[in-house]
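Enquirer: Sending over upload17.cif (mmCIF, N, CA and C atoms and all ligand atoms).
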```
data_structure
loop_
_atom_site.label_atom_id
_atom_site.label_comp_id
_atom_site.auth_asym_id
_atom_site.auth_seq_id
_atom_site.Cartn_x
_atom_site.Cartn_y
_atom_site.Cartn_z
N MET A 1 -18.67 12.99 -1.80
CA MET A 1 -17.64 13.79 -2.46
C MET A 1 -17.12 13.06 -3.70
N LYS A 2 -17.00 13.79 -4.77
CA LYS A 2 -16.50 13.19 -6.00
C LYS A 2 -15.00 13.01 -5.93
N ASP A 3 -14.54 11.93 -6.51
CA ASP A 3 -13.10 11.69 -6.54
C ASP A 3 -12.50 12.47 -7.71
N VAL A 4 -11.31 12.99 -7.47
CA VAL A 4 -10.62 13.77 -8.48
C VAL A 4 -10.37 12.95 -9.75
N TYR A 5 -10.35 11.64 -9.58
CA TYR A 5 -10.06 10.74 -10.70
C TYR A 5 -11.17 10.73 -11.75
N GLU A 6 -12.33 11.20 -11.37
CA GLU A 6 -13.43 11.28 -12.33
C GLU A 6 -13.18 12.36 -13.37
N ASN A 7 -12.29 13.28 -13.03
CA ASN A 7 -11.98 14.37 -13.96
C ASN A 7 -10.98 13.94 -15.02
N ASP A 8 -11.05 14.63 -16.16
CA ASP A 8 -10.06 14.42 -17.19
C ASP A 8 -8.99 15.48 -17.02
N ILE A 9 -7.76 15.08 -17.24
CA ILE A 9 -6.66 16.04 -17.16
C ILE A 9 -6.15 16.29 -18.57
N LEU A 10 -5.91 17.56 -18.83
CA LEU A 10 -5.40 17.96 -20.13
C LEU A 10 -3.90 18.22 -19.99
N CYS A 11 -3.10 17.64 -20.88
CA CYS A 11 -1.66 17.90 -20.83
C CYS A 11 -1.43 19.33 -21.30
N LYS A 12 -0.79 20.11 -20.43
CA LYS A 12 -0.58 21.53 -20.70
C LYS A 12 0.33 21.75 -21.92
N ASN A 13 1.31 20.87 -22.05
CA ASN A 13 2.26 21.02 -23.15
C ASN A 13 1.68 20.63 -24.50
N CYS A 14 0.92 19.55 -24.51
CA CYS A 14 0.42 19.00 -25.77
C CYS A 14 -1.01 19.42 -26.08
N LYS A 15 -1.69 19.98 -25.10
CA LYS A 15 -3.11 20.34 -25.24
C LYS A 15 -3.96 19.12 -25.59
N LYS A 16 -3.52 17.98 -25.11
CA LYS A 16 -4.25 16.73 -25.39
C LYS A 16 -4.82 16.16 -24.12
N LYS A 17 -5.95 15.48 -24.27
CA LYS A 17 -6.58 14.82 -23.14
C LYS A 17 -5.75 13.59 -22.74
N THR A 18 -5.52 13.42 -21.44
CA THR A 18 -4.74 12.28 -20.98
C THR A 18 -5.62 11.05 -20.84
N ILE A 19 -5.01 9.90 -20.77
CA ILE A 19 -5.79 8.68 -20.54
C ILE A 19 -5.50 8.14 -19.14
N LYS A 20 -6.51 7.45 -18.60
CA LYS A 20 -6.39 6.90 -17.25
C LYS A 20 -5.77 5.51 -17.30
N LYS A 21 -4.73 5.34 -16.48
CA LYS A 21 -4.07 4.04 -16.37
C LYS A 21 -3.73 3.82 -14.90
N HIS A 22 -2.95 2.82 -14.62
CA HIS A 22 -2.43 2.67 -13.26
C HIS A 22 -1.09 1.96 -13.29
N ILE A 23 -0.30 2.21 -12.25
CA ILE A 23 0.96 1.51 -12.10
C ILE A 23 0.91 0.75 -10.78
N VAL A 24 1.71 -0.28 -10.65
CA VAL A 24 1.76 -1.04 -9.39
C VAL A 24 3.19 -0.96 -8.85
N ARG A 25 3.30 -0.45 -7.61
CA ARG A 25 4.60 -0.36 -6.94
C ARG A 25 4.50 -1.03 -5.58
N ASP A 26 5.32 -1.99 -5.33
CA ASP A 26 5.31 -2.73 -4.06
C ASP A 26 3.91 -3.22 -3.70
N GLY A 27 3.16 -3.64 -4.67
CA GLY A 27 1.80 -4.14 -4.43
C GLY A 27 0.76 -3.04 -4.32
N PHE A 28 1.17 -1.79 -4.49
CA PHE A 28 0.24 -0.67 -4.43
C PHE A 28 -0.21 -0.30 -5.82
N LYS A 29 -1.52 -0.16 -5.97
CA LYS A 29 -2.04 0.29 -7.25
C LYS A 29 -2.16 1.81 -7.17
N ILE A 30 -1.45 2.50 -8.03
CA ILE A 30 -1.50 3.96 -8.08
C ILE A 30 -2.16 4.37 -9.39
N ARG A 31 -3.33 4.99 -9.26
CA ARG A 31 -4.04 5.44 -10.46
C ARG A 31 -3.29 6.62 -11.09
N THR A 32 -3.22 6.63 -12.39
CA THR A 32 -2.48 7.69 -13.09
C THR A 32 -3.28 8.27 -14.25
N TRP A 33 -2.84 9.41 -14.69
CA TRP A 33 -3.27 9.99 -15.95
C TRP A 33 -2.01 10.06 -16.81
N GLU A 34 -2.11 9.64 -18.03
CA GLU A 34 -0.93 9.67 -18.89
C GLU A 34 -1.19 10.39 -20.20
N CYS A 35 -0.22 11.21 -20.59
CA CYS A 35 -0.32 11.88 -21.88
C CYS A 35 0.26 10.93 -22.92
N GLN A 36 -0.55 10.60 -23.90
CA GLN A 36 -0.12 9.65 -24.93
C GLN A 36 0.96 10.25 -25.83
N LYS A 37 0.97 11.59 -25.91
CA LYS A 37 1.90 12.24 -26.84
C LYS A 37 3.31 12.40 -26.24
N CYS A 38 3.39 13.04 -25.05
CA CYS A 38 4.72 13.30 -24.48
C CYS A 38 5.12 12.30 -23.39
N GLY A 39 4.18 11.47 -22.95
CA GLY A 39 4.51 10.44 -21.97
C GLY A 39 4.50 10.90 -20.52
N LYS A 40 4.10 12.16 -20.29
CA LYS A 40 4.06 12.66 -18.91
C LYS A 40 2.99 11.90 -18.12
N ILE A 41 3.33 11.60 -16.85
CA ILE A 41 2.42 10.84 -15.99
C ILE A 41 2.09 11.65 -14.74
N TRP A 42 0.80 11.70 -14.40
CA TRP A 42 0.36 12.30 -13.14
C TRP A 42 -0.17 11.20 -12.25
N HIS A 43 0.24 11.21 -10.98
CA HIS A 43 -0.27 10.20 -10.03
C HIS A 43 -1.48 10.73 -9.30
N HIS A 44 -2.41 9.85 -9.00
CA HIS A 44 -3.57 10.23 -8.19
C HIS A 44 -3.05 10.66 -6.82
N PRO A 45 -3.41 11.86 -6.34
CA PRO A 45 -2.86 12.35 -5.07
C PRO A 45 -3.12 11.45 -3.87
N LEU A 46 -4.30 10.86 -3.79
CA LEU A 46 -4.61 9.97 -2.65
C LEU A 46 -3.75 8.71 -2.68
N ASP A 47 -3.62 8.12 -3.85
CA ASP A 47 -2.83 6.90 -4.00
C ASP A 47 -1.36 7.18 -3.73
N ALA A 48 -0.89 8.31 -4.23
CA ALA A 48 0.51 8.69 -4.04
C ALA A 48 0.80 8.92 -2.55
N ASN A 49 -0.17 9.50 -1.85
CA ASN A 49 -0.03 9.76 -0.42
C ASN A 49 0.02 8.45 0.39
N GLU A 50 -0.85 7.49 0.02
CA GLU A 50 -0.84 6.17 0.67
C GLU A 50 0.50 5.49 0.46
N TYR A 51 1.02 5.61 -0.73
CA TYR A 51 2.29 4.98 -1.06
C TYR A 51 3.43 5.60 -0.25
N LEU A 52 3.34 6.91 -0.05
CA LEU A 52 4.33 7.64 0.75
C LEU A 52 4.28 7.17 2.20
N LYS A 53 3.05 7.02 2.72
CA LYS A 53 2.87 6.54 4.10
C LYS A 53 3.45 5.13 4.24
N PHE A 54 3.20 4.31 3.24
CA PHE A 54 3.72 2.94 3.24
C PHE A 54 5.25 2.94 3.29
N ASN A 55 5.86 3.79 2.48
CA ASN A 55 7.32 3.84 2.43
C ASN A 55 7.94 4.28 3.75
N LYS A 56 7.28 5.21 4.43
CA LYS A 56 7.76 5.65 5.74
C LYS A 56 7.70 4.51 6.75
N LEU A 57 6.57 3.80 6.73
CA LEU A 57 6.35 2.69 7.64
C LEU A 57 7.30 1.53 7.35
N LYS A 58 7.56 1.33 6.09
CA LYS A 58 8.43 0.23 5.64
C LYS A 58 9.86 0.39 6.16
N GLN A 59 10.29 1.63 6.31
CA GLN A 59 11.65 1.89 6.77
C GLN A 59 11.84 1.69 8.27
N LYS A 60 10.72 1.60 8.98
CA LYS A 60 10.80 1.41 10.42
C LYS A 60 11.12 -0.04 10.76
N ASN A 61 11.91 -0.21 11.81
CA ASN A 61 12.21 -1.55 12.28
C ASN A 61 11.61 -1.68 13.69
N PHE A 62 10.63 -2.54 13.82
CA PHE A 62 9.98 -2.74 15.12
C PHE A 62 10.62 -3.91 15.83
N LYS A 63 10.91 -3.72 17.10
CA LYS A 63 11.41 -4.83 17.90
C LYS A 63 10.26 -5.29 18.80
N VAL A 64 9.84 -6.52 18.64
CA VAL A 64 8.76 -7.05 19.49
C VAL A 64 9.24 -8.32 20.17
N LYS A 65 8.65 -8.59 21.32
CA LYS A 65 9.08 -9.72 22.12
C LYS A 65 8.22 -10.94 21.82
N LEU A 66 8.87 -12.09 21.73
CA LEU A 66 8.13 -13.34 21.56
C LEU A 66 7.57 -13.75 22.92
N ARG A 67 6.32 -14.14 22.95
CA ARG A 67 5.70 -14.56 24.21
C ARG A 67 5.09 -15.94 24.04
N LYS A 68 5.21 -16.70 25.10
CA LYS A 68 4.66 -18.05 25.06
C LYS A 68 3.16 -17.97 25.34
N VAL A 69 2.39 -18.55 24.45
CA VAL A 69 0.93 -18.62 24.62
C VAL A 69 0.54 -20.08 24.41
N GLY A 70 0.30 -20.78 25.51
CA GLY A 70 0.00 -22.21 25.42
C GLY A 70 1.21 -22.94 24.88
N ASN A 71 1.01 -23.69 23.81
CA ASN A 71 2.13 -24.40 23.19
C ASN A 71 2.79 -23.60 22.08
N SER A 72 2.27 -22.41 21.81
CA SER A 72 2.81 -21.59 20.72
C SER A 72 3.50 -20.36 21.26
N PHE A 73 4.03 -19.60 20.35
CA PHE A 73 4.60 -18.30 20.69
C PHE A 73 3.85 -17.24 19.89
N SER A 74 3.80 -16.05 20.46
CA SER A 74 3.15 -14.98 19.72
C SER A 74 4.06 -13.76 19.68
N ALA A 75 3.94 -13.01 18.61
CA ALA A 75 4.65 -11.74 18.47
C ALA A 75 3.57 -10.72 18.10
N THR A 76 3.58 -9.58 18.75
CA THR A 76 2.53 -8.60 18.48
C THR A 76 2.89 -7.75 17.26
N ILE A 77 1.86 -7.35 16.54
CA ILE A 77 2.04 -6.48 15.37
C ILE A 77 1.75 -5.05 15.84
N PRO A 78 2.69 -4.13 15.67
CA PRO A 78 2.48 -2.76 16.12
C PRO A 78 1.21 -2.14 15.52
N ASN A 79 0.56 -1.33 16.36
CA ASN A 79 -0.70 -0.71 15.95
C ASN A 79 -0.57 0.15 14.69
N GLU A 80 0.59 0.76 14.52
CA GLU A 80 0.84 1.58 13.33
C GLU A 80 0.59 0.77 12.05
N ILE A 81 1.04 -0.48 12.08
CA ILE A 81 0.88 -1.35 10.91
C ILE A 81 -0.58 -1.77 10.77
N ILE A 82 -1.20 -2.11 11.90
CA ILE A 82 -2.60 -2.54 11.88
C ILE A 82 -3.50 -1.41 11.36
N GLU A 83 -3.24 -0.20 11.82
CA GLU A 83 -4.03 0.96 11.36
C GLU A 83 -3.81 1.21 9.88
N PHE A 84 -2.57 1.11 9.45
CA PHE A 84 -2.26 1.32 8.04
C PHE A 84 -2.99 0.31 7.16
N GLU A 85 -3.08 -0.92 7.66
CA GLU A 85 -3.74 -1.98 6.91
C GLU A 85 -5.26 -1.90 7.00
N GLY A 86 -5.74 -1.00 7.84
CA GLY A 86 -7.19 -0.79 7.95
C GLY A 86 -7.91 -1.90 8.70
N ILE A 87 -7.20 -2.58 9.58
CA ILE A 87 -7.82 -3.65 10.37
C ILE A 87 -8.45 -3.02 11.61
N LYS A 88 -9.75 -3.28 11.80
CA LYS A 88 -10.50 -2.61 12.86
C LYS A 88 -10.74 -3.48 14.10
N LYS A 89 -10.82 -4.78 13.92
CA LYS A 89 -11.13 -5.62 15.08
C LYS A 89 -10.32 -6.92 15.08
N GLU A 90 -10.28 -7.52 16.27
CA GLU A 90 -9.52 -8.77 16.37
C GLU A 90 -10.34 -9.96 15.86
N GLY A 91 -9.68 -11.08 15.73
CA GLY A 91 -10.39 -12.29 15.30
C GLY A 91 -10.25 -12.58 13.82
N LYS A 92 -9.62 -11.67 13.10
CA LYS A 92 -9.44 -11.86 11.66
C LYS A 92 -8.44 -12.98 11.41
N LEU A 93 -8.73 -13.82 10.45
CA LEU A 93 -7.80 -14.88 10.10
C LEU A 93 -6.79 -14.36 9.09
N VAL A 94 -5.53 -14.59 9.40
CA VAL A 94 -4.47 -14.17 8.47
C VAL A 94 -3.64 -15.40 8.10
N ASN A 95 -2.92 -15.28 7.02
CA ASN A 95 -2.08 -16.39 6.59
C ASN A 95 -0.63 -16.14 6.99
N MET A 96 0.00 -17.18 7.50
CA MET A 96 1.37 -17.07 7.95
C MET A 96 2.19 -18.21 7.37
N GLN A 97 3.40 -17.90 6.96
CA GLN A 97 4.26 -18.97 6.48
C GLN A 97 5.72 -18.67 6.74
N LEU A 98 6.50 -19.72 6.82
CA LEU A 98 7.94 -19.59 6.97
C LEU A 98 8.47 -19.24 5.58
N GLU A 99 8.93 -18.01 5.45
CA GLU A 99 9.31 -17.53 4.13
C GLU A 99 10.72 -17.97 3.73
N SER A 100 11.61 -17.91 4.67
CA SER A 100 12.97 -18.41 4.43
C SER A 100 13.48 -18.98 5.75
N ALA A 101 14.76 -19.33 5.81
CA ALA A 101 15.31 -20.00 6.99
C ALA A 101 15.07 -19.24 8.29
N ASN A 102 15.04 -17.89 8.24
CA ASN A 102 14.88 -17.13 9.47
C ASN A 102 13.82 -16.03 9.36
N LYS A 103 12.87 -16.21 8.46
CA LYS A 103 11.88 -15.16 8.23
C LYS A 103 10.46 -15.73 8.10
N VAL A 104 9.57 -15.17 8.92
CA VAL A 104 8.16 -15.56 8.87
C VAL A 104 7.37 -14.42 8.25
N SER A 105 6.48 -14.71 7.32
CA SER A 105 5.66 -13.64 6.78
C SER A 105 4.19 -13.86 7.10
N ILE A 106 3.50 -12.76 7.32
CA ILE A 106 2.07 -12.80 7.63
C ILE A 106 1.36 -12.01 6.54
N ILE A 107 0.43 -12.64 5.89
CA ILE A 107 -0.36 -11.94 4.87
C ILE A 107 -1.64 -11.45 5.54
N LEU A 108 -1.72 -10.14 5.74
CA LEU A 108 -2.83 -9.55 6.47
C LEU A 108 -4.10 -9.44 5.64
N LYS A 109 -3.93 -9.19 4.36
CA LYS A 109 -5.08 -9.07 3.46
C LYS A 109 -4.82 -9.93 2.24
N SER A 110 -5.88 -10.54 1.75
CA SER A 110 -5.66 -11.34 0.54
C SER A 110 -6.30 -10.72 -0.67
ZN ZN B 1 1.76 15.77 -23.25
#
```
In structure tokens, how does this file's structure come out?
Expert:
Amino acid sequence: MKDVYENDILCKNCKKKTIKKHIVRDGFKIRTWECQKCGKIWHHPLDANEYLKFNKLKQKNFKVKLRKVGNSFSATIPNEIIEFEGIKKEGKLVNMQLESANKVSIILKS
């Protein structure tokens, strides 16, 4: 299936061909078409939808229990987040760091 982004969009107001660009929001690359004349921007529908899904997920607060595993502790990552990140199997190496005095961050994809 061809991606809609392969098409050129014509600005209805200016009758001019738009140019392809992208914007980055919260680490998300959203492909756009921009009219050079009037400045109107169209977002790629798939990218915009992913960003919407991300925003919904971001607002959720998950409560997970710390569990002792050997000499360490583990906290589980909800499946909703794992699915959103497109992780299919276990065993993947991720990066973790103490971000601030009371916050640990895990970088799932590099
Ligand atoms: Zn225009």
Enquirer: At a cut-off of 8 Å around ligand ZN 1 (chain B), and using all atoms listed in the file, what residues come up? Please write them as a PDB file with N, CA and C atoms, in the coordinates of the input.
Expert:
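And here is the file that came out, pocket14.pdb:
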```pdb
ATOM      1  N   LEU A  10      -5.910  17.560 -18.830  1.00  0.00           N
ATOM      2  CA  LEU A  10      -5.400  17.960 -20.130  1.00  0.00           C
ATOM      3  C   LEU A  10      -3.900  18.220 -19.990  1.00  0.00           C
ATOM      4  N   CYS A  11      -3.100  17.640 -20.880  1.00  0.00           N
ATOM      5  CA  CYS A  11      -1.660  17.900 -20.830  1.00  0.00           C
ATOM      6  C   CYS A  11      -1.430  19.330 -21.300  1.00  0.00           C
ATOM      7  N   LYS A  12      -0.790  20.110 -20.430  1.00  0.00           N
ATOM      8  CA  LYS A  12      -0.580  21.530 -20.700  1.00  0.00           C
ATOM      9  C   LYS A  12       0.330  21.750 -21.920  1.00  0.00           C
ATOM     10  N   ASN A  13       1.310  20.870 -22.050  1.00  0.00           N
ATOM     11  CA  ASN A  13       2.260  21.020 -23.150  1.00  0.00           C
ATOM     12  C   ASN A  13       1.680  20.630 -24.500  1.00  0.00           C
ATOM     13  N   CYS A  14       0.920  19.550 -24.510  1.00  0.00           N
ATOM     14  CA  CYS A  14       0.420  19.000 -25.770  1.00  0.00           C
ATOM     15  C   CYS A  14      -1.010  19.420 -26.080  1.00  0.00           C
ATOM     16  N   LYS A  15      -1.690  19.980 -25.100  1.00  0.00           N
ATOM     17  CA  LYS A  15      -3.110  20.340 -25.240  1.00  0.00           C
ATOM     18  C   LYS A  15      -3.960  19.120 -25.590  1.00  0.00           C
ATOM     19  N   LYS A  16      -3.520  17.980 -25.110  1.00  0.00           N
ATOM     20  CA  LYS A  16      -4.250  16.730 -25.390  1.00  0.00           C
ATOM     21  C   LYS A  16      -4.820  16.160 -24.120  1.00  0.00           C
ATOM     22  N   LYS A  17      -5.950  15.480 -24.270  1.00  0.00           N
ATOM     23  CA  LYS A  17      -6.580  14.820 -23.140  1.00  0.00           C
ATOM     24  C   LYS A  17      -5.750  13.590 -22.740  1.00  0.00           C
ATOM     25  N   THR A  18      -5.520  13.420 -21.440  1.00  0.00           N
ATOM     26  CA  THR A  18      -4.740  12.280 -20.980  1.00  0.00           C
ATOM     27  C   THR A  18      -5.620  11.050 -20.840  1.00  0.00           C
ATOM     28  N   GLU A  34      -2.110   9.640 -18.030  1.00  0.00           N
ATOM     29  CA  GLU A  34      -0.930   9.670 -18.890  1.00  0.00           C
ATOM     30  C   GLU A  34      -1.190  10.390 -20.200  1.00  0.00           C
ATOM     31  N   CYS A  35      -0.220  11.210 -20.590  1.00  0.00           N
ATOM     32  CA  CYS A  35      -0.320  11.880 -21.880  1.00  0.00           C
ATOM     33  C   CYS A  35       0.260  10.930 -22.920  1.00  0.00           C
ATOM     34  N   GLN A  36      -0.550  10.600 -23.900  1.00  0.00           N
ATOM     35  CA  GLN A  36      -0.120   9.650 -24.930  1.00  0.00           C
ATOM     36  C   GLN A  36       0.960  10.250 -25.830  1.00  0.00           C
ATOM     37  N   LYS A  37       0.970  11.590 -25.910  1.00  0.00           N
ATOM     38  CA  LYS A  37       1.900  12.240 -26.840  1.00  0.00           C
ATOM     39  C   LYS A  37       3.310  12.400 -26.240  1.00  0.00           C
ATOM     40  N   CYS A  38       3.390  13.040 -25.050  1.00  0.00           N
ATOM     41  CA  CYS A  38       4.720  13.300 -24.480  1.00  0.00           C
ATOM     42  C   CYS A  38       5.120  12.300 -23.390  1.00  0.00           C
ATOM     43  N   GLY A  39       4.180  11.470 -22.950  1.00  0.00           N
ATOM     44  CA  GLY A  39       4.510  10.440 -21.970  1.00  0.00           C
ATOM     45  C   GLY A  39       4.500  10.900 -20.520  1.00  0.00           C
ATOM     46  N   LYS A  40       4.100  12.160 -20.290  1.00  0.00           N
ATOM     47  CA  LYS A  40       4.060  12.660 -18.910  1.00  0.00           C
ATOM     48  C   LYS A  40       2.990  11.900 -18.120  1.00  0.00           C
ATOM     49  N   ILE A  41       3.330  11.600 -16.850  1.00  0.00           N
ATOM     50  CA  ILE A  41       2.420  10.840 -15.990  1.00  0.00           C
ATOM     51  C   ILE A  41       2.090  11.650 -14.740  1.00  0.00           C
TER      52      ILE A  41
END
```
Enquirer: List as a VMD selection string the protein and nucleic acid residues near Val94 in chain A, meaning an atom at most 8 Å away when only N, CA and C atoms are counted, but skip any in the same chain fewer than 4 places from it.
Expert: chain A and resid 106 to 110
Enquirer: Atom C of Asn49 in chain A and atom C of Lys2 in chain A, how far apart in Å?
Expert: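 According to the coordinates, atom C of Lys2 in chain A and atom C of Asn49 in chain A are separated by 16.9 Å.
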Enquirer: Just want the 8 Å neighbourhood of range 55-70 of chain A, counted on all atoms listed in the file, with same-chain residues fewer than 6 positions away dropped. Output as a list in words.
Expert: Asn49, Thr76, Ile77, Pro78, Glu80 and Ile81 of chain A
Enquirer: Can you pull out the residues contacting range 25-28 of chain A? Cut-off 9 Å, using only C-alpha atoms, and skip same-chain residues under 5 positions away; I want them as a ChimeraX atom specification.
Expert: /A:47,50-51
Enquirer: Looking at A:Thr32, A:Leu46, A:Glu99, A:Gly91, which one is nearest to Lys20 in chain A, with distances taken over only N, CA and C atoms?
Expert: A:Thr32
Enquirer: Please compute the atom N of Phe73 in chain A-atom C of Ala101 in chain A distance, one decimal, in Å.
Expert: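 Atom-to-atom, atom N of Phe73 in chain A to atom C of Ala101 in chain A, that is 16.4 Å.
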Enquirer: Is it possible to get the axis-aligned box enclosing range 24-31 of chain A (all listed atoms, 3 Å extra per side) as AutoDock Vina command-line options, with centre and edge lengths in Å rounded to one decimal?
Expert:
```
--center_x 0.6 --center_y 1.2 --center_z -7.4 --size_x 15.4 --size_y 16.8 --size_z 13.4
```
Enquirer: Which distance in Å separates atom N of Arg31 in chain A and CA of Lys88 in chain A, to one decimal?
Expert: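 Computing it gives 24.5 Å between the two atoms.
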Enquirer: As a ChimeraX atom specification, which residues of range 23-77 of chain A does DSSP assign to strand (DSSP E or B)?
Expert: /A:23-25,28-34,41-43,67-69,72-74
Enquirer: Please identify the alpha helix (DSSP H) residues within chain A (assignment by DSSP from backbone atoms) and present them as number ranges by chain.
Expert: A: 45-58, 79-84
Enquirer: Nearest to Ala48 in chain A: which of A:Lys29, A:Asp8, A:Ile19, A:Ala75 is it, counting all atoms listed in the file?
Expert: A:Lys29
